[in-house]
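Coordinates from upload13.txt are shown below (compact mmCIF, N, CA and C atoms).
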```
# COMPACT_ATOMS: atom_id res chain seq x y z
N MET A 1 -18.09 19.69 27.21
CA MET A 1 -17.20 19.92 28.30
C MET A 1 -16.74 21.36 28.27
N GLU A 2 -17.31 22.30 28.09
CA GLU A 2 -17.00 23.70 27.99
C GLU A 2 -15.77 24.11 28.79
N LEU A 3 -14.59 23.84 28.25
CA LEU A 3 -13.36 24.27 28.90
C LEU A 3 -13.24 25.77 28.74
N GLU A 4 -13.06 26.46 29.85
CA GLU A 4 -12.88 27.91 29.80
C GLU A 4 -11.40 28.20 29.58
N VAL A 5 -11.11 28.81 28.46
CA VAL A 5 -9.73 29.12 28.13
C VAL A 5 -9.62 30.57 27.72
N ARG A 6 -8.41 30.95 27.28
CA ARG A 6 -8.21 32.34 26.92
C ARG A 6 -9.30 32.80 25.95
N LYS A 7 -9.58 34.05 25.98
CA LYS A 7 -10.66 34.68 25.23
C LYS A 7 -12.03 34.22 25.76
N LYS A 8 -12.07 33.57 26.90
CA LYS A 8 -13.31 33.06 27.47
C LYS A 8 -14.09 32.22 26.46
N SER A 9 -13.37 31.45 25.69
CA SER A 9 -13.99 30.60 24.67
C SER A 9 -14.34 29.24 25.24
N ASN A 10 -15.41 28.66 24.71
CA ASN A 10 -15.78 27.30 25.07
C ASN A 10 -15.34 26.37 23.95
N ILE A 11 -14.41 25.48 24.23
CA ILE A 11 -13.94 24.55 23.23
C ILE A 11 -15.02 23.50 22.99
N VAL A 12 -15.35 23.30 21.72
CA VAL A 12 -16.40 22.33 21.39
C VAL A 12 -15.91 21.26 20.43
N CYS A 13 -14.75 21.46 19.81
CA CYS A 13 -14.33 20.56 18.75
C CYS A 13 -12.81 20.46 18.68
N LEU A 14 -12.34 19.28 18.36
CA LEU A 14 -10.93 19.06 18.03
C LEU A 14 -10.90 18.67 16.56
N ARG A 15 -10.15 19.40 15.76
CA ARG A 15 -9.96 19.05 14.36
C ARG A 15 -8.54 18.55 14.19
N ALA A 16 -8.39 17.53 13.37
CA ALA A 16 -7.07 16.95 13.14
C ALA A 16 -6.92 16.53 11.69
N THR A 17 -5.77 16.84 11.12
CA THR A 17 -5.40 16.25 9.84
C THR A 17 -4.19 15.37 10.13
N LEU A 18 -4.24 14.16 9.63
CA LEU A 18 -3.23 13.15 9.95
C LEU A 18 -2.43 12.87 8.69
N GLY A 19 -1.25 13.42 8.62
CA GLY A 19 -0.43 13.32 7.43
C GLY A 19 0.44 12.08 7.39
N ASP A 20 0.97 11.80 6.22
CA ASP A 20 1.88 10.66 5.98
C ASP A 20 1.30 9.32 6.37
N ILE A 21 -0.01 9.26 6.58
CA ILE A 21 -0.63 7.99 6.94
C ILE A 21 -0.67 7.05 5.73
N GLU A 22 -0.60 7.62 4.55
CA GLU A 22 -0.73 6.84 3.33
C GLU A 22 0.33 5.75 3.23
N CYS A 23 1.55 6.06 3.65
CA CYS A 23 2.61 5.07 3.53
C CYS A 23 2.40 3.88 4.45
N TYR A 24 1.45 3.97 5.38
CA TYR A 24 1.20 2.86 6.28
C TYR A 24 -0.06 2.07 5.89
N PHE A 25 -0.55 2.32 4.66
CA PHE A 25 -1.67 1.55 4.15
C PHE A 25 -1.20 0.26 3.48
N GLN A 26 0.09 0.00 3.47
CA GLN A 26 0.61 -1.14 2.73
C GLN A 26 -0.03 -2.47 3.13
N ASP A 27 -0.39 -2.60 4.41
CA ASP A 27 -1.05 -3.83 4.85
C ASP A 27 -2.56 -3.69 4.84
N GLY A 28 -3.05 -2.54 4.40
CA GLY A 28 -4.49 -2.30 4.36
C GLY A 28 -4.97 -1.62 5.62
N PHE A 29 -6.01 -0.82 5.45
CA PHE A 29 -6.63 -0.08 6.54
C PHE A 29 -8.11 -0.35 6.47
N GLN A 30 -8.64 -1.06 7.46
CA GLN A 30 -10.03 -1.49 7.39
C GLN A 30 -10.96 -0.48 8.03
N ILE A 31 -11.99 -0.10 7.27
CA ILE A 31 -13.05 0.76 7.77
C ILE A 31 -14.35 0.01 7.51
N GLY A 32 -15.05 -0.30 8.58
CA GLY A 32 -16.23 -1.14 8.44
C GLY A 32 -15.80 -2.49 7.92
N ASN A 33 -16.43 -2.96 6.86
CA ASN A 33 -16.10 -4.27 6.29
C ASN A 33 -15.19 -4.18 5.08
N LYS A 34 -14.67 -2.99 4.78
CA LYS A 34 -13.88 -2.83 3.57
C LYS A 34 -12.43 -2.50 3.91
N LEU A 35 -11.53 -3.11 3.17
CA LEU A 35 -10.10 -2.88 3.35
C LEU A 35 -9.63 -1.90 2.29
N TYR A 36 -8.95 -0.83 2.71
CA TYR A 36 -8.44 0.19 1.80
C TYR A 36 -6.93 0.11 1.74
N TYR A 37 -6.38 0.41 0.56
CA TYR A 37 -4.94 0.39 0.38
C TYR A 37 -4.37 1.76 0.01
N SER A 38 -5.24 2.75 -0.14
CA SER A 38 -4.74 4.10 -0.44
C SER A 38 -5.77 5.13 -0.01
N LEU A 39 -5.30 6.36 0.16
CA LEU A 39 -6.23 7.44 0.47
C LEU A 39 -7.13 7.75 -0.72
N ASP A 40 -6.65 7.48 -1.93
CA ASP A 40 -7.50 7.66 -3.11
C ASP A 40 -8.73 6.76 -3.05
N GLU A 41 -8.53 5.49 -2.68
CA GLU A 41 -9.65 4.55 -2.54
C GLU A 41 -10.60 5.02 -1.45
N LEU A 42 -10.03 5.46 -0.33
CA LEU A 42 -10.85 5.93 0.79
C LEU A 42 -11.65 7.16 0.38
N TYR A 43 -11.02 8.05 -0.38
CA TYR A 43 -11.69 9.27 -0.84
C TYR A 43 -12.90 8.96 -1.71
N GLU A 44 -12.78 7.93 -2.53
CA GLU A 44 -13.90 7.55 -3.40
C GLU A 44 -15.14 7.19 -2.60
N ASP A 45 -14.96 6.47 -1.50
CA ASP A 45 -16.10 6.03 -0.69
C ASP A 45 -16.51 7.05 0.37
N HIS A 46 -15.53 7.75 0.94
CA HIS A 46 -15.79 8.64 2.09
C HIS A 46 -15.04 9.96 1.92
N PRO A 47 -15.47 10.83 1.01
CA PRO A 47 -14.73 12.07 0.76
C PRO A 47 -14.65 13.00 1.97
N ASN A 48 -15.60 12.91 2.91
CA ASN A 48 -15.53 13.76 4.10
C ASN A 48 -14.39 13.40 5.04
N VAL A 49 -13.82 12.22 4.86
CA VAL A 49 -12.76 11.74 5.74
C VAL A 49 -11.38 12.09 5.20
N VAL A 50 -11.29 12.40 3.93
CA VAL A 50 -9.99 12.71 3.32
C VAL A 50 -9.95 14.19 2.97
N CYS A 51 -8.89 14.84 3.42
CA CYS A 51 -8.67 16.25 3.11
C CYS A 51 -7.67 16.31 1.97
N ARG A 52 -8.07 16.92 0.86
CA ARG A 52 -7.19 17.05 -0.30
C ARG A 52 -6.70 18.48 -0.37
N HIS A 53 -5.37 18.62 -0.39
CA HIS A 53 -4.78 19.95 -0.42
C HIS A 53 -3.57 19.95 -1.33
N ILE A 54 -3.49 20.91 -2.21
CA ILE A 54 -2.40 20.97 -3.18
C ILE A 54 -1.04 21.05 -2.50
N LEU A 55 -0.92 21.86 -1.45
CA LEU A 55 0.39 22.06 -0.82
C LEU A 55 0.78 20.95 0.14
N THR A 56 -0.18 20.47 0.91
CA THR A 56 0.17 19.48 1.94
C THR A 56 -0.18 18.06 1.56
N GLY A 57 -0.81 17.86 0.42
CA GLY A 57 -1.16 16.51 0.00
C GLY A 57 -2.42 16.00 0.68
N ASP A 58 -2.72 14.74 0.48
CA ASP A 58 -3.92 14.13 1.04
C ASP A 58 -3.66 13.67 2.47
N THR A 59 -4.62 13.91 3.32
CA THR A 59 -4.53 13.48 4.71
C THR A 59 -5.89 12.97 5.16
N ILE A 60 -5.91 12.23 6.25
CA ILE A 60 -7.18 11.89 6.89
C ILE A 60 -7.56 13.07 7.76
N PHE A 61 -8.84 13.46 7.69
CA PHE A 61 -9.35 14.60 8.43
C PHE A 61 -10.39 14.11 9.44
N LEU A 62 -10.24 14.51 10.69
CA LEU A 62 -11.19 14.15 11.73
C LEU A 62 -11.71 15.41 12.41
N GLU A 63 -12.99 15.44 12.67
CA GLU A 63 -13.60 16.53 13.43
C GLU A 63 -14.33 15.88 14.60
N ILE A 64 -13.84 16.11 15.81
CA ILE A 64 -14.29 15.38 16.99
C ILE A 64 -15.01 16.31 17.96
N ASP A 65 -16.21 15.95 18.34
CA ASP A 65 -16.96 16.68 19.36
C ASP A 65 -16.26 16.44 20.71
N ILE A 66 -15.82 17.50 21.35
CA ILE A 66 -15.05 17.37 22.59
C ILE A 66 -15.86 16.70 23.70
N ASP A 67 -17.14 17.00 23.78
CA ASP A 67 -17.96 16.45 24.86
C ASP A 67 -18.24 14.96 24.69
N THR A 68 -18.58 14.55 23.48
CA THR A 68 -19.06 13.18 23.28
C THR A 68 -18.04 12.23 22.65
N GLY A 69 -17.02 12.79 22.00
CA GLY A 69 -16.08 11.96 21.27
C GLY A 69 -16.60 11.50 19.93
N GLU A 70 -17.73 12.06 19.48
CA GLU A 70 -18.25 11.70 18.17
C GLU A 70 -17.37 12.34 17.09
N VAL A 71 -16.95 11.51 16.14
CA VAL A 71 -16.22 12.01 14.98
C VAL A 71 -17.30 12.38 13.96
N THR A 72 -17.62 13.67 13.91
CA THR A 72 -18.82 14.12 13.21
C THR A 72 -18.75 13.94 11.70
N ASN A 73 -17.56 13.82 11.13
CA ASN A 73 -17.45 13.62 9.68
C ASN A 73 -17.18 12.16 9.31
N TRP A 74 -17.23 11.26 10.30
CA TRP A 74 -16.98 9.84 10.06
C TRP A 74 -18.29 9.15 9.70
N PRO A 75 -18.30 8.24 8.73
CA PRO A 75 -19.55 7.57 8.36
C PRO A 75 -20.04 6.62 9.45
N LYS A 76 -21.36 6.56 9.61
CA LYS A 76 -21.97 5.63 10.57
C LYS A 76 -21.79 4.20 10.05
N ASN A 77 -21.80 3.25 10.97
CA ASN A 77 -21.67 1.82 10.66
C ASN A 77 -20.37 1.48 9.95
N CYS A 78 -19.33 2.26 10.23
CA CYS A 78 -18.00 2.01 9.65
C CYS A 78 -16.94 2.07 10.75
N PRO A 79 -16.99 1.13 11.70
CA PRO A 79 -16.01 1.16 12.78
C PRO A 79 -14.61 0.90 12.23
N THR A 80 -13.63 1.41 12.94
CA THR A 80 -12.24 1.16 12.56
C THR A 80 -11.36 1.27 13.79
N ASP A 81 -10.17 0.78 13.65
CA ASP A 81 -9.20 0.76 14.75
C ASP A 81 -7.92 1.43 14.27
N PHE A 82 -7.65 2.62 14.80
CA PHE A 82 -6.37 3.27 14.55
C PHE A 82 -5.42 2.74 15.62
N HIS A 83 -4.70 1.69 15.29
CA HIS A 83 -3.84 1.05 16.28
C HIS A 83 -2.43 0.96 15.72
N ASP A 84 -1.49 1.56 16.42
CA ASP A 84 -0.08 1.55 16.00
C ASP A 84 0.11 2.10 14.59
N ILE A 85 -0.67 3.12 14.23
CA ILE A 85 -0.46 3.77 12.94
C ILE A 85 0.44 4.97 13.18
N LYS A 86 1.63 4.89 12.67
CA LYS A 86 2.61 5.96 12.86
C LYS A 86 2.41 7.04 11.81
N ILE A 87 2.35 8.31 12.25
CA ILE A 87 2.15 9.39 11.30
C ILE A 87 3.35 10.33 11.21
N VAL A 88 4.48 9.93 11.75
CA VAL A 88 5.75 10.63 11.55
C VAL A 88 5.65 12.12 11.90
N ASP A 89 4.99 12.45 12.98
CA ASP A 89 4.90 13.84 13.45
C ASP A 89 4.33 14.80 12.42
N THR A 90 3.46 14.32 11.54
CA THR A 90 2.93 15.17 10.49
C THR A 90 1.46 15.53 10.72
N GLY A 91 0.98 15.36 11.94
CA GLY A 91 -0.39 15.73 12.23
C GLY A 91 -0.52 17.22 12.53
N ASN A 92 -1.70 17.74 12.27
CA ASN A 92 -2.04 19.12 12.62
C ASN A 92 -3.31 19.07 13.46
N TYR A 93 -3.33 19.85 14.56
CA TYR A 93 -4.42 19.74 15.53
C TYR A 93 -4.90 21.13 15.93
N TRP A 94 -6.22 21.32 15.96
CA TRP A 94 -6.83 22.58 16.32
C TRP A 94 -7.92 22.35 17.35
N LEU A 95 -7.99 23.20 18.36
CA LEU A 95 -9.14 23.23 19.26
C LEU A 95 -10.00 24.41 18.82
N ILE A 96 -11.27 24.13 18.57
CA ILE A 96 -12.20 25.09 17.99
C ILE A 96 -13.27 25.45 19.03
N ASP A 97 -13.60 26.75 19.11
CA ASP A 97 -14.61 27.17 20.08
C ASP A 97 -16.01 27.20 19.45
N ASP A 98 -16.98 27.58 20.27
CA ASP A 98 -18.37 27.56 19.82
C ASP A 98 -18.68 28.64 18.78
N ASP A 99 -17.73 29.54 18.51
CA ASP A 99 -17.87 30.52 17.43
C ASP A 99 -17.10 30.07 16.18
N THR A 100 -16.68 28.80 16.16
CA THR A 100 -15.88 28.17 15.09
C THR A 100 -14.53 28.86 14.87
N GLU A 101 -14.01 29.49 15.92
CA GLU A 101 -12.69 30.11 15.88
C GLU A 101 -11.66 29.17 16.49
N THR A 102 -10.45 29.21 15.96
CA THR A 102 -9.37 28.42 16.53
C THR A 102 -8.91 29.06 17.83
N VAL A 103 -8.90 28.29 18.90
CA VAL A 103 -8.45 28.75 20.20
C VAL A 103 -6.96 28.51 20.33
N ILE A 104 -6.52 27.33 19.91
CA ILE A 104 -5.11 26.98 19.98
C ILE A 104 -4.86 25.86 18.98
N SER A 105 -3.67 25.81 18.42
CA SER A 105 -3.34 24.76 17.45
C SER A 105 -1.86 24.47 17.49
N TYR A 106 -1.50 23.32 16.95
CA TYR A 106 -0.09 22.97 16.78
C TYR A 106 0.05 21.87 15.75
N SER A 107 1.27 21.66 15.31
CA SER A 107 1.61 20.58 14.38
C SER A 107 2.67 19.71 15.03
N GLY A 108 2.63 18.42 14.73
CA GLY A 108 3.67 17.54 15.25
C GLY A 108 3.12 16.32 15.94
N TYR A 109 3.55 16.13 17.18
CA TYR A 109 3.21 14.93 17.94
C TYR A 109 1.70 14.71 18.08
N VAL A 110 1.31 13.45 18.14
CA VAL A 110 -0.08 13.06 18.36
C VAL A 110 -0.46 13.43 19.80
N PRO A 111 -1.57 14.16 19.99
CA PRO A 111 -1.99 14.46 21.36
C PRO A 111 -2.40 13.18 22.09
N THR A 112 -2.22 13.19 23.38
CA THR A 112 -2.50 12.01 24.20
C THR A 112 -3.92 11.50 24.01
N CYS A 113 -4.89 12.38 23.78
CA CYS A 113 -6.28 11.93 23.63
C CYS A 113 -6.49 11.10 22.36
N LEU A 114 -5.53 11.13 21.42
CA LEU A 114 -5.63 10.33 20.18
C LEU A 114 -4.57 9.24 20.09
N GLY A 115 -3.67 9.19 21.05
CA GLY A 115 -2.63 8.18 20.97
C GLY A 115 -1.93 7.94 22.28
N GLN A 116 -1.95 6.72 22.70
CA GLN A 116 -1.25 6.36 23.93
C GLN A 116 0.06 5.64 23.62
N GLY A 117 0.39 5.52 22.35
CA GLY A 117 1.58 4.80 21.92
C GLY A 117 2.86 5.55 22.24
N GLY A 118 3.95 4.95 21.88
CA GLY A 118 5.26 5.49 22.22
C GLY A 118 5.61 6.79 21.53
N TYR A 119 6.14 7.72 22.28
CA TYR A 119 6.79 8.93 21.79
C TYR A 119 5.88 9.88 21.02
N GLY A 120 4.58 9.76 21.11
CA GLY A 120 3.67 10.69 20.45
C GLY A 120 3.62 10.55 18.95
N ASP A 121 4.14 9.45 18.41
CA ASP A 121 4.15 9.23 16.96
C ASP A 121 2.98 8.40 16.46
N TYR A 122 2.29 7.71 17.37
CA TYR A 122 1.31 6.70 16.95
C TYR A 122 -0.11 7.08 17.32
N LEU A 123 -1.02 6.80 16.38
CA LEU A 123 -2.44 6.90 16.66
C LEU A 123 -2.87 5.62 17.36
N GLU A 124 -3.67 5.74 18.40
CA GLU A 124 -4.13 4.57 19.14
C GLU A 124 -5.54 4.83 19.65
N PHE A 125 -6.54 4.61 18.80
CA PHE A 125 -7.93 4.75 19.23
C PHE A 125 -8.83 3.99 18.27
N GLU A 126 -10.05 3.73 18.73
CA GLU A 126 -11.04 3.05 17.91
C GLU A 126 -12.23 3.97 17.69
N ILE A 127 -12.83 3.86 16.52
CA ILE A 127 -14.09 4.54 16.24
C ILE A 127 -15.14 3.43 16.12
N ASP A 128 -16.22 3.57 16.90
CA ASP A 128 -17.24 2.52 16.90
C ASP A 128 -18.26 2.72 15.77
N GLU A 129 -19.26 1.84 15.71
CA GLU A 129 -20.24 1.88 14.63
C GLU A 129 -21.12 3.14 14.66
N ASN A 130 -21.12 3.86 15.80
CA ASN A 130 -21.88 5.10 15.91
C ASN A 130 -21.01 6.33 15.69
N SER A 131 -19.81 6.12 15.17
CA SER A 131 -18.84 7.18 14.87
C SER A 131 -18.30 7.88 16.12
N HIS A 132 -18.26 7.17 17.25
CA HIS A 132 -17.70 7.71 18.48
C HIS A 132 -16.35 7.05 18.78
N ILE A 133 -15.43 7.82 19.32
CA ILE A 133 -14.16 7.26 19.76
C ILE A 133 -14.42 6.52 21.06
N VAL A 134 -14.02 5.26 21.09
CA VAL A 134 -14.23 4.41 22.26
C VAL A 134 -13.40 4.95 23.43
N ASP A 135 -14.03 5.06 24.61
CA ASP A 135 -13.40 5.53 25.84
C ASP A 135 -12.84 6.94 25.71
N TRP A 136 -13.51 7.81 24.96
CA TRP A 136 -13.08 9.18 24.75
C TRP A 136 -13.14 9.99 26.04
N SER A 137 -12.15 10.80 26.26
CA SER A 137 -12.20 11.82 27.31
C SER A 137 -11.29 12.96 26.89
N PHE A 138 -11.66 14.16 27.26
CA PHE A 138 -10.85 15.34 26.99
C PHE A 138 -11.05 16.29 28.16
N GLY A 139 -9.97 16.58 28.86
CA GLY A 139 -10.06 17.43 30.05
C GLY A 139 -9.00 18.51 30.05
N GLN A 140 -8.86 19.13 31.21
CA GLN A 140 -7.92 20.24 31.34
C GLN A 140 -6.49 19.82 31.02
N GLU A 141 -6.11 18.61 31.40
CA GLU A 141 -4.74 18.15 31.11
C GLU A 141 -4.50 18.04 29.61
N ASP A 142 -5.56 17.71 28.86
CA ASP A 142 -5.42 17.64 27.40
C ASP A 142 -5.25 19.04 26.82
N TYR A 143 -6.01 20.01 27.34
CA TYR A 143 -5.83 21.38 26.90
C TYR A 143 -4.41 21.87 27.23
N ASP A 144 -3.95 21.56 28.44
CA ASP A 144 -2.61 21.97 28.85
C ASP A 144 -1.56 21.40 27.90
N GLU A 145 -1.76 20.17 27.45
CA GLU A 145 -0.84 19.56 26.49
C GLU A 145 -0.83 20.35 25.18
N PHE A 146 -2.00 20.81 24.73
CA PHE A 146 -2.06 21.64 23.53
C PHE A 146 -1.25 22.92 23.73
N GLU A 147 -1.41 23.55 24.90
CA GLU A 147 -0.65 24.78 25.16
C GLU A 147 0.84 24.54 25.15
N GLU A 148 1.28 23.42 25.72
CA GLU A 148 2.72 23.10 25.76
C GLU A 148 3.25 22.87 24.35
N ASN A 149 2.46 22.26 23.48
CA ASN A 149 2.92 21.93 22.13
C ASN A 149 2.77 23.08 21.12
N ALA A 150 1.95 24.07 21.47
CA ALA A 150 1.69 25.18 20.54
C ALA A 150 2.93 26.04 20.34
```

Could the structure of this file be written out as structure tokens, please?
Amino acid sequence: MELEVRKKSNIVCLRATLGDIECYFQDGFQIGNKLYYSLDELYEDHPNVVCRHILTGDTIFLEIDIDTGEVTNWPKNCPTDFHDIKIVDTGNYWLIDDDTETVISYSGYVPTCLGQGGYGDYLEFEIDENSHIVDWSFGQEDYDEFEENA
């Protein structure tokens, strides 16, 4: 979806780190056929999905192709449902251009393209068995939301 934005960049990717999700694993977080209870367990099976950082701690990391909604670092045949997972405004979001440069970024509320839940606190999307976000779309209004939150 080559959105033309400042610097005449074409946005190709949305990167997100989802913080404080660990405290909501208490009831388990199912990926594919396996139930996880901590980010440590998830890291053992899928290290590309967990971002480990000394200063900010462990988070779930997603890299999403803007055009297709494919989560490029998500394992195939491991569908999951991010439904009503509250991340307490601790997400970080970047729009990346075709030169792998950050065009715009912000921290805080969940962008609408990743959550339709109340008050921008909740993740609400599914990843299918082909690592695509179900019913994905990203348009100018989504970019405008990034600008407002930056």

Counting only C-alpha atoms, the residue among A:Asp142, A:Ala150, A:Asn73, A:Gly91 that lies closest to Asp121 of chain A is A:Gly91

When distances are computed from only N, CA and C atoms, which of A:Asp20, A:Glu101, A:Glu129, A:Glu148 shows the smallest separation from Cys78 of chain A? A:Glu129

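Residues in contact range of Tyr93 of chain A, defined as at most 7 Å between all atoms listed in the file, with sequence neighbours fewer than 3 positions away removed, read Leu14, Arg15, Ala16, Thr17, Ile104, Ser105, Tyr106, Ser107 and Gly108 of chain A.
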
Identify the residues within 8 Å of coordinate (-2.3, 13.0, 9.5) (same frame as the file), considering all atoms listed in the file, and give the answer as a list in words. Ala16, Thr17, Leu18, Gly19, Asp20, Ile21, Glu22, Asp58, Thr59, Ile60, Phe61, Lys86, Ile87, Val88, Asp89, Thr90, Gly91 and Asn92 of chain A

Please indicate the distance in Å from atom CA of Asp81 of chain A to atom CA of Lys34 of chain A, rounded to one decimal place. 12.6 Å

Residues of chain A in helix (DSSP H, G or I), written as an MDAnalysis selection string: chainID A and resid 6:8 22:24 39:45 47:49 112:114 118:120 140:149
